[in-house]
>>> print(open('entry.txt').read())   # compact mmCIF, C-alpha atoms and all ligand atoms
# COMPACT_ATOMS: atom_id res chain seq x y z
CA MET R 1 96.14 22.60 -34.66
CA ALA R 2 96.54 25.67 -36.85
CA VAL R 3 94.24 28.60 -36.20
CA ARG R 4 93.08 28.44 -39.80
CA HIS R 5 92.15 24.82 -39.30
CA ILE R 6 90.06 25.62 -36.22
CA PHE R 7 88.39 28.40 -38.16
CA CYS R 8 87.51 25.96 -40.94
CA ILE R 9 85.93 23.54 -38.47
CA TYR R 10 83.98 26.42 -36.96
CA GLN R 11 82.71 27.36 -40.42
CA VAL R 12 81.67 23.78 -41.11
CA VAL R 13 79.70 23.54 -37.88
CA THR R 14 78.03 26.86 -38.67
CA ALA R 15 77.27 25.69 -42.21
CA LEU R 16 75.59 22.54 -40.92
CA HIS R 17 73.59 24.59 -38.48
CA LEU R 18 72.42 27.02 -41.14
CA GLY R 19 71.70 24.29 -43.68
CA ARG R 20 74.16 25.74 -46.19
CA SER R 21 77.29 24.14 -47.49
CA ILE R 22 80.80 25.56 -47.72
CA ILE R 23 82.52 25.29 -51.09
CA SER R 24 86.28 25.26 -50.62
CA ASP R 25 89.49 23.72 -51.89
CA GLU R 26 90.85 23.19 -48.34
CA LEU R 27 91.48 19.50 -47.67
CA GLU R 28 91.73 19.64 -43.87
CA PRO R 29 88.05 20.18 -43.04
CA ALA R 30 87.10 17.41 -45.48
CA ILE R 31 89.48 15.03 -43.72
CA GLU R 32 88.11 15.94 -40.29
CA ILE R 33 84.47 15.61 -41.33
CA LEU R 34 85.06 12.22 -42.93
CA LYS R 35 87.00 10.94 -39.92
CA ALA R 36 84.13 12.05 -37.69
CA GLY R 37 81.62 10.05 -39.74
CA GLY R 38 80.22 12.91 -41.81
CA LEU R 39 79.71 13.32 -45.55
CA VAL R 40 81.67 15.49 -47.99
CA ALA R 41 81.12 16.10 -51.69
CA VAL R 42 84.38 15.37 -53.51
CA PRO R 43 85.72 16.06 -56.98
CA THR R 44 86.73 13.23 -59.28
CA GLU R 45 87.81 13.37 -62.91
CA THR R 46 84.41 11.95 -63.94
CA VAL R 47 81.69 13.62 -61.83
CA TYR R 48 81.46 14.89 -58.25
CA GLY R 49 80.82 12.22 -55.61
CA LEU R 50 79.01 12.29 -52.28
CA ALA R 51 81.56 10.60 -50.05
CA GLY R 52 81.61 8.98 -46.66
CA ASN R 53 83.45 6.23 -44.77
CA GLY R 54 82.78 3.17 -46.91
CA VAL R 55 83.35 0.64 -44.14
CA ASP R 56 80.91 2.25 -41.74
CA ALA R 57 77.39 1.01 -42.52
CA ALA R 58 75.77 3.91 -40.64
CA VAL R 59 77.65 6.47 -42.73
CA VAL R 60 76.78 4.65 -45.94
CA SER R 61 73.14 4.63 -45.00
CA GLN R 62 73.34 8.42 -44.54
CA ILE R 63 74.58 8.70 -48.14
CA PHE R 64 71.53 6.79 -49.38
CA GLU R 65 69.32 9.10 -47.37
CA VAL R 66 70.86 12.38 -48.57
CA LYS R 67 70.67 11.25 -52.19
CA ASN R 68 67.20 9.82 -51.71
CA ARG R 69 68.56 6.71 -53.34
CA PRO R 70 66.92 3.30 -53.04
CA THR R 71 69.10 0.91 -51.05
CA PHE R 72 68.94 -1.72 -53.79
CA ASP R 73 71.33 0.45 -55.81
CA PRO R 74 74.88 -0.32 -54.63
CA MET R 75 77.76 2.15 -54.55
CA ILE R 76 81.40 2.37 -55.56
CA LEU R 77 84.31 2.27 -53.09
CA HIS R 78 87.16 4.67 -53.88
CA PHE R 79 90.78 3.87 -53.00
CA PRO R 80 94.05 5.80 -53.36
CA ASP R 81 95.73 2.85 -55.13
CA LEU R 82 95.54 -0.84 -55.94
CA GLU R 83 97.45 -1.94 -52.82
CA SER R 84 95.05 -0.34 -50.38
CA MET R 85 92.20 -2.19 -52.12
CA GLU R 86 93.62 -5.64 -51.45
CA PRO R 87 92.02 -6.36 -48.05
CA PHE R 88 88.59 -5.53 -49.45
CA VAL R 89 88.53 -7.76 -52.55
CA LYS R 90 89.14 -11.50 -52.88
CA ASP R 91 91.35 -11.75 -55.86
CA ILE R 92 91.86 -9.70 -58.95
CA PRO R 93 91.51 -11.89 -62.07
CA ALA R 94 94.12 -11.46 -64.82
CA PHE R 95 91.81 -9.38 -67.04
CA GLY R 96 91.08 -7.14 -64.07
CA MET R 97 94.79 -6.68 -63.40
CA SER R 98 95.44 -5.72 -67.03
CA LEU R 99 92.62 -3.16 -66.98
CA ALA R 100 93.71 -1.79 -63.60
CA ASN R 101 97.29 -1.39 -64.77
CA GLU R 102 96.19 0.39 -67.90
CA PHE R 103 93.37 2.63 -66.70
CA TRP R 104 93.99 3.38 -63.00
CA PRO R 105 94.10 5.98 -61.78
CA GLY R 106 91.27 6.92 -64.14
CA PRO R 107 87.60 6.78 -65.14
CA MET R 108 87.07 3.03 -64.75
CA THR R 109 85.40 0.95 -62.04
CA LEU R 110 85.93 -2.80 -61.61
CA LEU R 111 83.46 -5.23 -60.12
CA LEU R 112 85.31 -7.78 -57.96
CA GLU R 113 84.39 -10.31 -55.28
CA LYS R 114 84.30 -8.62 -51.91
CA THR R 115 85.64 -9.68 -48.52
CA ASP R 116 83.77 -9.36 -45.22
CA LEU R 117 85.38 -5.96 -44.62
CA VAL R 118 82.89 -4.44 -47.06
CA PRO R 119 79.50 -3.87 -45.39
CA ASP R 120 76.54 -5.43 -47.22
CA ILE R 121 74.80 -2.08 -47.51
CA VAL R 122 77.58 -0.87 -49.84
CA THR R 123 76.91 -3.65 -52.34
CA ALA R 124 73.15 -3.97 -51.74
CA GLY R 125 73.76 -7.50 -50.56
CA SER R 126 75.77 -8.61 -53.59
CA TYR R 127 78.98 -10.61 -53.15
CA LYS R 128 80.60 -8.27 -55.68
CA VAL R 129 81.89 -4.80 -54.88
CA ALA R 130 82.56 -1.95 -57.29
CA VAL R 131 85.99 -0.37 -56.76
CA ARG R 132 87.83 2.49 -58.38
CA VAL R 133 91.02 4.59 -58.22
CA SER R 134 90.23 8.11 -59.40
CA SER R 135 92.91 10.27 -60.98
CA HIS R 136 91.79 13.53 -59.37
CA PRO R 137 94.81 14.81 -57.38
CA MET R 138 92.69 16.34 -54.65
CA LEU R 139 90.71 13.17 -54.08
CA LEU R 140 93.92 11.14 -54.11
CA SER R 141 95.44 13.37 -51.41
CA LEU R 142 92.26 13.08 -49.39
CA LEU R 143 92.23 9.28 -49.65
CA GLN R 144 95.90 9.15 -48.67
CA SER R 145 95.10 11.12 -45.51
CA ILE R 146 92.46 8.71 -44.18
CA SER R 147 92.62 5.03 -43.34
CA PHE R 148 89.37 3.88 -44.98
CA PRO R 149 87.96 3.79 -48.52
CA LEU R 150 85.29 6.28 -49.50
CA ALA R 151 81.89 5.13 -50.66
CA ALA R 152 80.79 7.73 -53.18
CA PRO R 153 77.89 7.74 -55.60
CA SER R 154 77.50 10.73 -57.90
CA ALA R 155 76.52 13.76 -55.78
CA ASN R 156 73.07 14.34 -57.26
CA PRO R 157 69.60 13.53 -56.01
CA PHE R 158 68.72 10.04 -57.29
CA GLY R 159 67.61 10.12 -60.92
CA TYR R 160 68.91 13.59 -61.80
CA ILE R 161 71.92 14.57 -63.92
CA SER R 162 75.33 13.99 -62.29
CA PRO R 163 77.21 17.12 -61.14
CA THR R 164 80.39 18.16 -62.90
CA THR R 165 81.14 21.30 -60.82
CA ALA R 166 81.06 22.13 -57.10
CA GLN R 167 78.27 24.61 -57.86
CA HIS R 168 76.09 21.86 -59.37
CA VAL R 169 76.40 19.94 -56.10
CA ASP R 170 75.57 23.02 -54.08
CA ASP R 171 72.52 23.75 -56.25
CA GLN R 172 70.91 20.45 -55.39
CA LEU R 173 72.36 19.15 -52.15
CA GLY R 174 73.71 22.35 -50.57
CA ASP R 175 71.16 22.27 -47.78
CA LYS R 176 71.97 18.68 -46.88
CA ILE R 177 75.76 18.58 -46.73
CA ALA R 178 78.20 20.81 -44.87
CA TYR R 179 81.22 20.73 -47.14
CA ILE R 180 81.91 20.58 -50.85
CA LEU R 181 85.53 20.12 -51.78
CA ASP R 182 86.04 22.17 -54.91
CA GLY R 183 88.42 20.57 -57.38
CA GLY R 184 87.26 22.55 -60.42
CA PRO R 185 85.15 21.33 -63.34
CA CYS R 186 85.45 17.58 -63.97
CA GLU R 187 87.84 16.78 -66.77
CA VAL R 188 86.01 13.76 -68.20
CA GLY R 189 82.43 14.78 -67.43
CA LEU R 190 80.94 11.28 -67.78
CA GLU R 191 80.82 8.65 -65.03
CA SER R 192 83.36 5.84 -64.90
CA THR R 193 83.02 2.80 -67.14
CA ILE R 194 82.01 -0.18 -64.98
CA VAL R 195 83.50 -3.56 -65.92
CA ASP R 196 82.58 -6.80 -64.19
CA VAL R 197 85.76 -8.89 -64.31
CA THR R 198 84.46 -11.76 -62.19
CA MET R 199 83.14 -13.70 -65.19
CA GLU R 200 85.06 -15.52 -67.91
CA THR R 201 84.43 -12.76 -70.43
CA PRO R 202 84.55 -9.36 -68.75
CA THR R 203 81.31 -7.40 -69.11
CA VAL R 204 80.80 -3.67 -69.36
CA LEU R 205 77.80 -2.81 -67.16
CA ARG R 206 77.92 0.94 -67.70
CA LYS R 207 79.55 2.82 -70.55
CA GLY R 208 81.60 5.79 -69.38
CA GLY R 209 84.90 7.63 -69.47
CA VAL R 210 87.03 4.70 -70.70
CA THR R 211 85.82 3.67 -74.15
CA ILE R 212 84.88 0.15 -75.26
CA GLU R 213 87.53 0.46 -77.97
CA ASP R 214 90.19 1.18 -75.31
CA ILE R 215 89.11 -1.83 -73.25
CA ILE R 216 89.19 -4.13 -76.26
CA GLY R 217 92.65 -2.77 -77.03
CA VAL R 218 93.87 -4.10 -73.66
CA ILE R 219 91.98 -7.39 -73.14
CA GLY R 220 90.95 -8.34 -76.67
CA SER R 221 87.20 -8.60 -76.22
CA VAL R 222 84.44 -7.60 -73.87
CA THR R 223 80.70 -8.14 -73.57
CA VAL R 224 78.72 -4.91 -73.51
CA LYS R 225 75.36 -4.72 -71.80
CA ASP R 226 73.16 -2.88 -74.22
CA THR R 227 70.85 -1.31 -71.72
CA SER R 228 73.90 -0.23 -69.75
CA THR R 229 72.14 -0.76 -66.46
CA SER R 230 74.38 -1.96 -63.68
CA GLN R 231 71.44 -3.28 -61.72
CA PRO R 232 70.63 -6.51 -63.53
CA SER R 233 68.49 -7.76 -60.69
CA ALA R 234 66.10 -4.89 -61.19
CA PRO R 235 65.59 -4.78 -64.95
CA GLY R 236 64.08 -1.58 -66.21
CA MET R 237 63.89 0.09 -62.85
CA LEU R 238 66.70 2.43 -63.68
CA HIS R 239 65.76 2.98 -67.30
CA SER R 240 64.97 6.59 -66.59
CA HIS R 241 68.03 8.25 -65.20
CA TYR R 242 70.08 11.42 -65.45
CA SER R 243 66.82 13.12 -66.32
CA PRO R 244 66.24 16.83 -66.79
CA ARG R 245 62.80 17.99 -65.61
CA THR R 246 61.93 19.55 -68.96
CA PRO R 247 60.73 17.01 -71.55
CA PHE R 248 63.93 15.82 -73.21
CA TYR R 249 64.31 14.01 -76.53
CA VAL R 250 67.22 12.64 -78.51
CA ILE R 251 66.85 12.97 -82.25
CA ASP R 252 68.74 12.11 -85.38
CA LYS R 253 66.88 14.36 -87.76
CA LYS R 254 66.74 18.04 -87.14
CA ASN R 255 63.37 18.37 -88.86
CA SER R 256 61.30 16.70 -86.16
CA LEU R 257 60.54 19.96 -84.37
CA ASP R 258 57.36 20.60 -86.34
CA GLN R 259 54.93 20.60 -83.45
CA PHE R 260 56.84 23.28 -81.49
CA ALA R 261 57.41 26.98 -82.08
CA PRO R 262 61.20 27.37 -82.59
CA GLU R 263 61.51 29.76 -79.64
CA GLU R 264 60.04 27.16 -77.25
CA VAL R 265 62.78 24.70 -78.04
CA GLY R 266 66.21 24.27 -76.46
CA VAL R 267 68.87 22.40 -78.42
CA ILE R 268 72.07 20.62 -77.45
CA ALA R 269 74.03 20.27 -80.66
CA PHE R 270 77.25 18.39 -81.23
CA ASP R 271 79.32 20.59 -83.54
CA LYS R 272 77.12 23.11 -85.32
CA LEU R 273 74.05 25.22 -84.76
CA TRP R 274 70.73 23.94 -86.09
CA ASP R 275 69.30 26.35 -88.61
CA ASN R 276 65.65 25.95 -87.57
CA VAL R 277 66.04 27.16 -83.94
CA PRO R 278 67.25 30.59 -82.71
CA SER R 279 70.94 30.39 -81.86
CA LYS R 280 70.43 31.78 -78.34
CA ASN R 281 68.40 28.64 -77.57
CA GLN R 282 71.27 26.36 -78.48
CA ILE R 283 74.49 25.03 -76.99
CA VAL R 284 77.11 23.69 -79.39
CA LEU R 285 79.28 21.26 -77.43
CA SER R 286 82.36 21.14 -79.64
CA GLU R 287 82.91 23.32 -82.67
CA LYS R 288 86.00 21.21 -83.36
CA SER R 289 83.80 18.07 -83.44
CA GLU R 290 85.75 16.53 -80.54
CA LEU R 291 83.87 13.98 -78.48
CA LYS R 292 86.15 14.55 -75.48
CA GLU R 293 85.28 18.24 -75.34
CA ALA R 294 81.58 17.46 -75.90
CA ALA R 295 81.57 14.86 -73.11
CA GLN R 296 83.10 17.35 -70.68
CA LYS R 297 80.29 19.80 -71.34
CA LEU R 298 77.32 17.47 -71.79
CA PHE R 299 75.90 17.27 -68.25
CA ALA R 300 76.46 20.98 -67.54
CA SER R 301 74.62 21.78 -70.78
CA MET R 302 71.70 19.56 -69.85
CA ARG R 303 71.42 21.41 -66.53
CA GLU R 304 71.70 24.79 -68.20
CA MET R 305 68.98 23.92 -70.72
CA ASP R 306 66.79 22.49 -67.96
CA SER R 307 66.97 25.82 -66.09
CA ARG R 308 65.82 27.95 -69.01
CA GLY R 309 62.13 27.17 -69.03
CA PHE R 310 61.87 25.69 -72.53
CA LYS R 311 58.85 23.59 -73.43
CA VAL R 312 61.09 20.86 -74.74
CA ILE R 313 64.81 20.14 -75.07
CA PHE R 314 66.26 18.26 -78.00
CA SER R 315 69.70 16.76 -78.07
CA GLU R 316 71.47 15.58 -81.14
CA ARG R 317 72.70 11.98 -81.15
CA PHE R 318 76.51 11.76 -81.16
CA PRO R 319 78.62 9.62 -83.50
CA ASP R 320 78.38 6.10 -82.09
CA ILE R 321 82.11 5.61 -81.47
CA GLY R 322 84.46 6.16 -78.52
CA LEU R 323 82.98 8.45 -75.87
CA GLY R 324 80.01 9.04 -78.20
CA ARG R 325 78.64 5.62 -77.25
CA ALA R 326 78.61 6.50 -73.56
CA MET R 327 77.13 9.91 -74.31
CA ASN R 328 74.32 8.43 -76.42
CA ASP R 329 73.64 5.97 -73.64
CA LYS R 330 73.29 8.81 -71.11
CA LEU R 331 71.03 10.71 -73.47
CA LEU R 332 68.74 7.76 -74.02
CA ARG R 333 68.41 7.17 -70.31
CA ALA R 334 67.79 10.87 -69.75
CA SER R 335 65.14 11.09 -72.41
CA THR R 336 61.46 11.37 -71.62
CA LYS R 337 59.65 8.07 -71.91
CA ASP R 338 56.25 8.74 -73.46
CA LYS R 339 53.60 6.55 -71.99
O1 LIG U 401 82.46 8.04 -62.08
C1 LIG U 401 81.86 7.44 -61.19
O2 LIG U 401 81.74 6.22 -61.19
C2 LIG U 401 81.23 8.29 -60.08
C3 LIG U 401 82.37 8.94 -59.27
C4 LIG U 401 81.84 9.71 -58.09
O3 LIG U 401 83.27 7.96 -58.87
N1 LIG U 401 80.39 7.50 -59.27
C5 LIG U 401 79.18 7.06 -59.69
O4 LIG U 401 78.49 6.37 -58.72
O5 LIG U 401 78.75 7.26 -60.80
P1 LIG U 401 76.94 6.05 -58.84
O6 LIG U 401 76.60 5.40 -57.54
O7 LIG U 401 76.18 7.24 -59.20
O8 LIG U 401 76.87 4.97 -59.94
C6 LIG U 401 77.51 3.74 -59.71
C7 LIG U 401 76.81 2.62 -60.40
C8 LIG U 401 75.39 2.43 -59.92
O9 LIG U 401 74.52 2.42 -61.03
C9 LIG U 401 75.39 1.08 -59.25
O10 LIG U 401 74.22 0.35 -59.51
C10 LIG U 401 76.63 0.41 -59.83
O11 LIG U 401 77.52 1.45 -60.07
N2 LIG U 401 77.23 -0.49 -58.85
C11 LIG U 401 77.89 -0.17 -57.75
N3 LIG U 401 78.21 -1.26 -57.05
C12 LIG U 401 77.75 -2.31 -57.73
C13 LIG U 401 77.74 -3.71 -57.52
N4 LIG U 401 78.29 -4.25 -56.42
N5 LIG U 401 77.16 -4.50 -58.45
C14 LIG U 401 76.59 -3.97 -59.56
N6 LIG U 401 76.55 -2.64 -59.81
C15 LIG U 401 77.12 -1.83 -58.92
MG MG U 402 74.85 8.27 -60.28
>>> encode(input="entry.txt", output="structure tokens")
Amino acid sequence: MAVRHIFCIYQVVTALHLGRSIISDELEPAIEILKAGGLVAVPTETVYGLAGNGVDAAVVSQIFEVKNRPTFDPMILHFPDLESMEPFVKDIPAFGMSLANEFWPGPMTLLLEKTDLVPDIVTAGSYKVAVRVSSHPMLLSLLQSISFPLAAPSANPFGYISPTTAQHVDDQLGDKIAYILDGGPCEVGLESTIVDVTMETPTVLRKGGVTIEDIIGVIGSVTVKDTSTSQPSAPGMLHSHYSPRTPFYVIDKKNSLDQFAPEEVGVIAFDKLWDNVPSKNQIVLSEKSELKEAAQKLFASMREMDSRGFKVIFSERFPDIGLGRAMNDKLLRASTKDK
């Protein structure tokens, strides 16, 4: 064992003891922690995940605990490739194969029938399991170095905005996990698109990094769940999600700020500044009007705005096409529900 490796392990043990996490791009400690049944925050191209051995029920239950996540909300298993997934799923229907071939590795998750190798806690008792092959090179190397899939929900406390940098993870879960593998800012910035391919017509349960238009381009048609909740057995329970703590509203018209003084308002704008709010209170996501760039920055901007002590945050609604549909969906779920 290399001296550097031993030093890393020593640092990890110290970090756990002190209740502070290490942020590093070294793979070795992550591999060792995961093999020993611990948790590691990992980068993906979508958002950071809180990962642990997905076939060990005790480890999975630790993930629920650290996230403070209700156990009725199942989690995704991550694999290095399609082949390694085979023992864990019954069969992959033709539509599923087409989508997998087109979008993996990438920001898409498929819902398939599970085998007994997948513990019930992973799927919250469902006979279907959510599986994904991420395109992040660091996560792929990590998965290739271990012999089990990684269960990994987004690495945020339940209900808050998903993290798109290692620092975001540290800000919220740094005292609960020893190691954050730093793979840089997430390229996509929105969670994976979840498609249930076990039914006759595949159904999108969550809009995300692969667009509906792209999916239709491959399999011809798809049903889209409007509410975009992937927990159909608990309707409405997850309606409020990704939420900033500051009151947060999505608006179409920029003139609905009347009841607030302009300096009390934070604004997330798509491509240009609003003229009725000071520019220092605003983030423009893409001056070039590119949804891809805006998606990358959306969650980080929501966090930034949430940290600035505004009375209220307004976000502009995005064009309802491509990634804009997923972004609008996130915004609506993040928005404050007035009683
Ligand atoms: O991009 C992503 O998908 C990220 C990265 C880390 O891979 N992961 C992620 O996981 O967003 P999470 O747990 O935050 O969201 C996964 C969603 C949950 O809303 C969950 O209800 C749904 O997937 N899900 C997981 N397994 C399911 C299942 N067996 N049936 C129905 N929904 C499922
Ligand atoms: Mg999540």
>>> residues_near_ligand(input="entry.txt", ligand="ligand MG 402 (chain U)", cutoff="9 Å", atoms="only C-alpha atoms and all ligand atoms", output="list in words")
Val47, Gly49, Met75, Pro153, Ser154, Ala155, Asn156, Pro157, Phe158, Gly159, Tyr160, Ile161, Ser162, Glu191, His241 and Tyr242 of chain R
>>> write_last_selection(input="entry.txt", atoms="C-alpha atoms", output="PDB file, in the frame of the given file")
ATOM      1  CA  VAL R  47      81.690  13.620 -61.830  1.00  0.00           C
ATOM      2  CA  GLY R  49      80.820  12.220 -55.610  1.00  0.00           C
ATOM      3  CA  MET R  75      77.760   2.150 -54.550  1.00  0.00           C
ATOM      4  CA  PRO R 153      77.890   7.740 -55.600  1.00  0.00           C
ATOM      5  CA  SER R 154      77.500  10.730 -57.900  1.00  0.00           C
ATOM      6  CA  ALA R 155      76.520  13.760 -55.780  1.00  0.00           C
ATOM      7  CA  ASN R 156      73.070  14.340 -57.260  1.00  0.00           C
ATOM      8  CA  PRO R 157      69.600  13.530 -56.010  1.00  0.00           C
ATOM      9  CA  PHE R 158      68.720  10.040 -57.290  1.00  0.00           C
ATOM     10  CA  GLY R 159      67.610  10.120 -60.920  1.00  0.00           C
ATOM     11  CA  TYR R 160      68.910  13.590 -61.800  1.00  0.00           C
ATOM     12  CA  ILE R 161      71.920  14.570 -63.920  1.00  0.00           C
ATOM     13  CA  SER R 162      75.330  13.990 -62.290  1.00  0.00           C
ATOM     14  CA  GLU R 191      80.820   8.650 -65.030  1.00  0.00           C
ATOM     15  CA  HIS R 241      68.030   8.250 -65.200  1.00  0.00           C
ATOM     16  CA  TYR R 242      70.080  11.420 -65.450  1.00  0.00           C
TER      17      TYR R 242
END
>>> residues_near_ligand(input="entry.txt", ligand="ligand LIG 401 (chain U)", cutoff="6 Å", atoms="all atoms listed in the file", output="PyMOL selection string")
chain R and resi 46-49+73-76+123+126+128-130+152-154+191-192+230-231
>>> atom_distance(input="entry.txt", atom1="atom CA of R:Asp214", atom2="atom CA of R:Val118")
29.7 Å
>>> atom_distance(input="entry.txt", atom1="atom CA of R:Met327", atom2="atom CA of R:Glu65")
28.1 Å
>>> closest_residue(input="entry.txt", among="R:Gly38, R:Pro163, R:Pro87, R:Gly217", to="R:Ala300", atoms="all atoms listed in the file")
R:Pro163
>>> closest_atom_pairs(input="entry.txt", of="stretch 50-76 of chain R", to="stretch 137-146 of chain R", cutoff="12 Å", atoms="only C-alpha atoms", output="JSON lines")
{"residue": "R:Leu50", "atom": "CA", "partner": "R:Leu139", "partner_atom": "CA", "distance": 11.9}
{"residue": "R:Ala51", "atom": "CA", "partner": "R:Leu139", "partner_atom": "CA", "distance": 10.3}
{"residue": "R:Gly52", "atom": "CA", "partner": "R:Leu143", "partner_atom": "CA", "distance": 11.0}
{"residue": "R:Asn53", "atom": "CA", "partner": "R:Ile146", "partner_atom": "CA", "distance": 9.4}
{"residue": "R:Gly54", "atom": "CA", "partner": "R:Ile146", "partner_atom": "CA", "distance": 11.5}
>>> decode(input="entry.txt", residues="stretch 188-201 of chain R", atoms="N, CA and C atoms", output="mmCIF file, in the first residue's frame")
data_model
loop_
_atom_site.group_PDB
_atom_site.id
_atom_site.type_symbol
_atom_site.label_atom_id
_atom_site.label_comp_id
_atom_site.auth_asym_id
_atom_site.auth_seq_id
_atom_site.Cartn_x
_atom_site.Cartn_y
_atom_site.Cartn_z
ATOM 1 N N VAL R 188 -24.286 18.827 -16.510
ATOM 2 C CA VAL R 188 -25.698 18.970 -16.891
ATOM 3 C C VAL R 188 -26.429 19.858 -15.888
ATOM 4 N N GLY R 189 -26.257 19.579 -14.607
ATOM 5 C CA GLY R 189 -26.830 20.462 -13.579
ATOM 6 C C GLY R 189 -28.274 20.164 -13.205
ATOM 7 N N LEU R 190 -28.934 19.276 -13.926
ATOM 8 C CA LEU R 190 -30.288 18.824 -13.570
ATOM 9 C C LEU R 190 -30.212 17.316 -13.370
ATOM 10 N N GLU R 191 -31.084 16.761 -12.527
ATOM 11 C CA GLU R 191 -31.071 15.321 -12.302
ATOM 12 C C GLU R 191 -31.393 14.557 -13.592
ATOM 13 N N SER R 192 -31.164 13.243 -13.533
ATOM 14 C CA SER R 192 -31.439 12.414 -14.703
ATOM 15 C C SER R 192 -32.940 12.351 -14.990
ATOM 16 N N THR R 193 -33.264 12.126 -16.248
ATOM 17 C CA THR R 193 -34.648 11.886 -16.656
ATOM 18 C C THR R 193 -34.977 10.433 -16.313
ATOM 19 N N ILE R 194 -36.093 10.212 -15.607
ATOM 20 C CA ILE R 194 -36.446 8.839 -15.221
ATOM 21 C C ILE R 194 -37.552 8.325 -16.138
ATOM 22 N N VAL R 195 -37.277 7.186 -16.796
ATOM 23 C CA VAL R 195 -38.262 6.602 -17.712
ATOM 24 C C VAL R 195 -38.606 5.190 -17.255
ATOM 25 N N ASP R 196 -39.895 4.955 -17.014
ATOM 26 C CA ASP R 196 -40.361 3.615 -16.683
ATOM 27 C C ASP R 196 -40.602 2.883 -18.002
ATOM 28 N N VAL R 197 -39.789 1.854 -18.261
ATOM 29 C CA VAL R 197 -39.946 1.131 -19.531
ATOM 30 C C VAL R 197 -40.589 -0.244 -19.311
ATOM 31 N N THR R 198 -41.229 -0.417 -18.143
ATOM 32 C CA THR R 198 -41.858 -1.715 -17.887
ATOM 33 C C THR R 198 -43.281 -1.771 -18.449
ATOM 34 N N MET R 199 -43.842 -0.622 -18.820
ATOM 35 C CA MET R 199 -45.195 -0.652 -19.378
ATOM 36 C C MET R 199 -45.167 -0.556 -20.900
ATOM 37 N N GLU R 200 -46.342 -0.803 -21.511
ATOM 38 C CA GLU R 200 -46.402 -0.849 -22.972
ATOM 39 C C GLU R 200 -45.899 0.450 -23.598
ATOM 40 N N THR R 201 -46.422 1.571 -23.080
ATOM 41 C CA THR R 201 -45.886 2.867 -23.514
ATOM 42 C C THR R 201 -44.976 3.381 -22.414
#
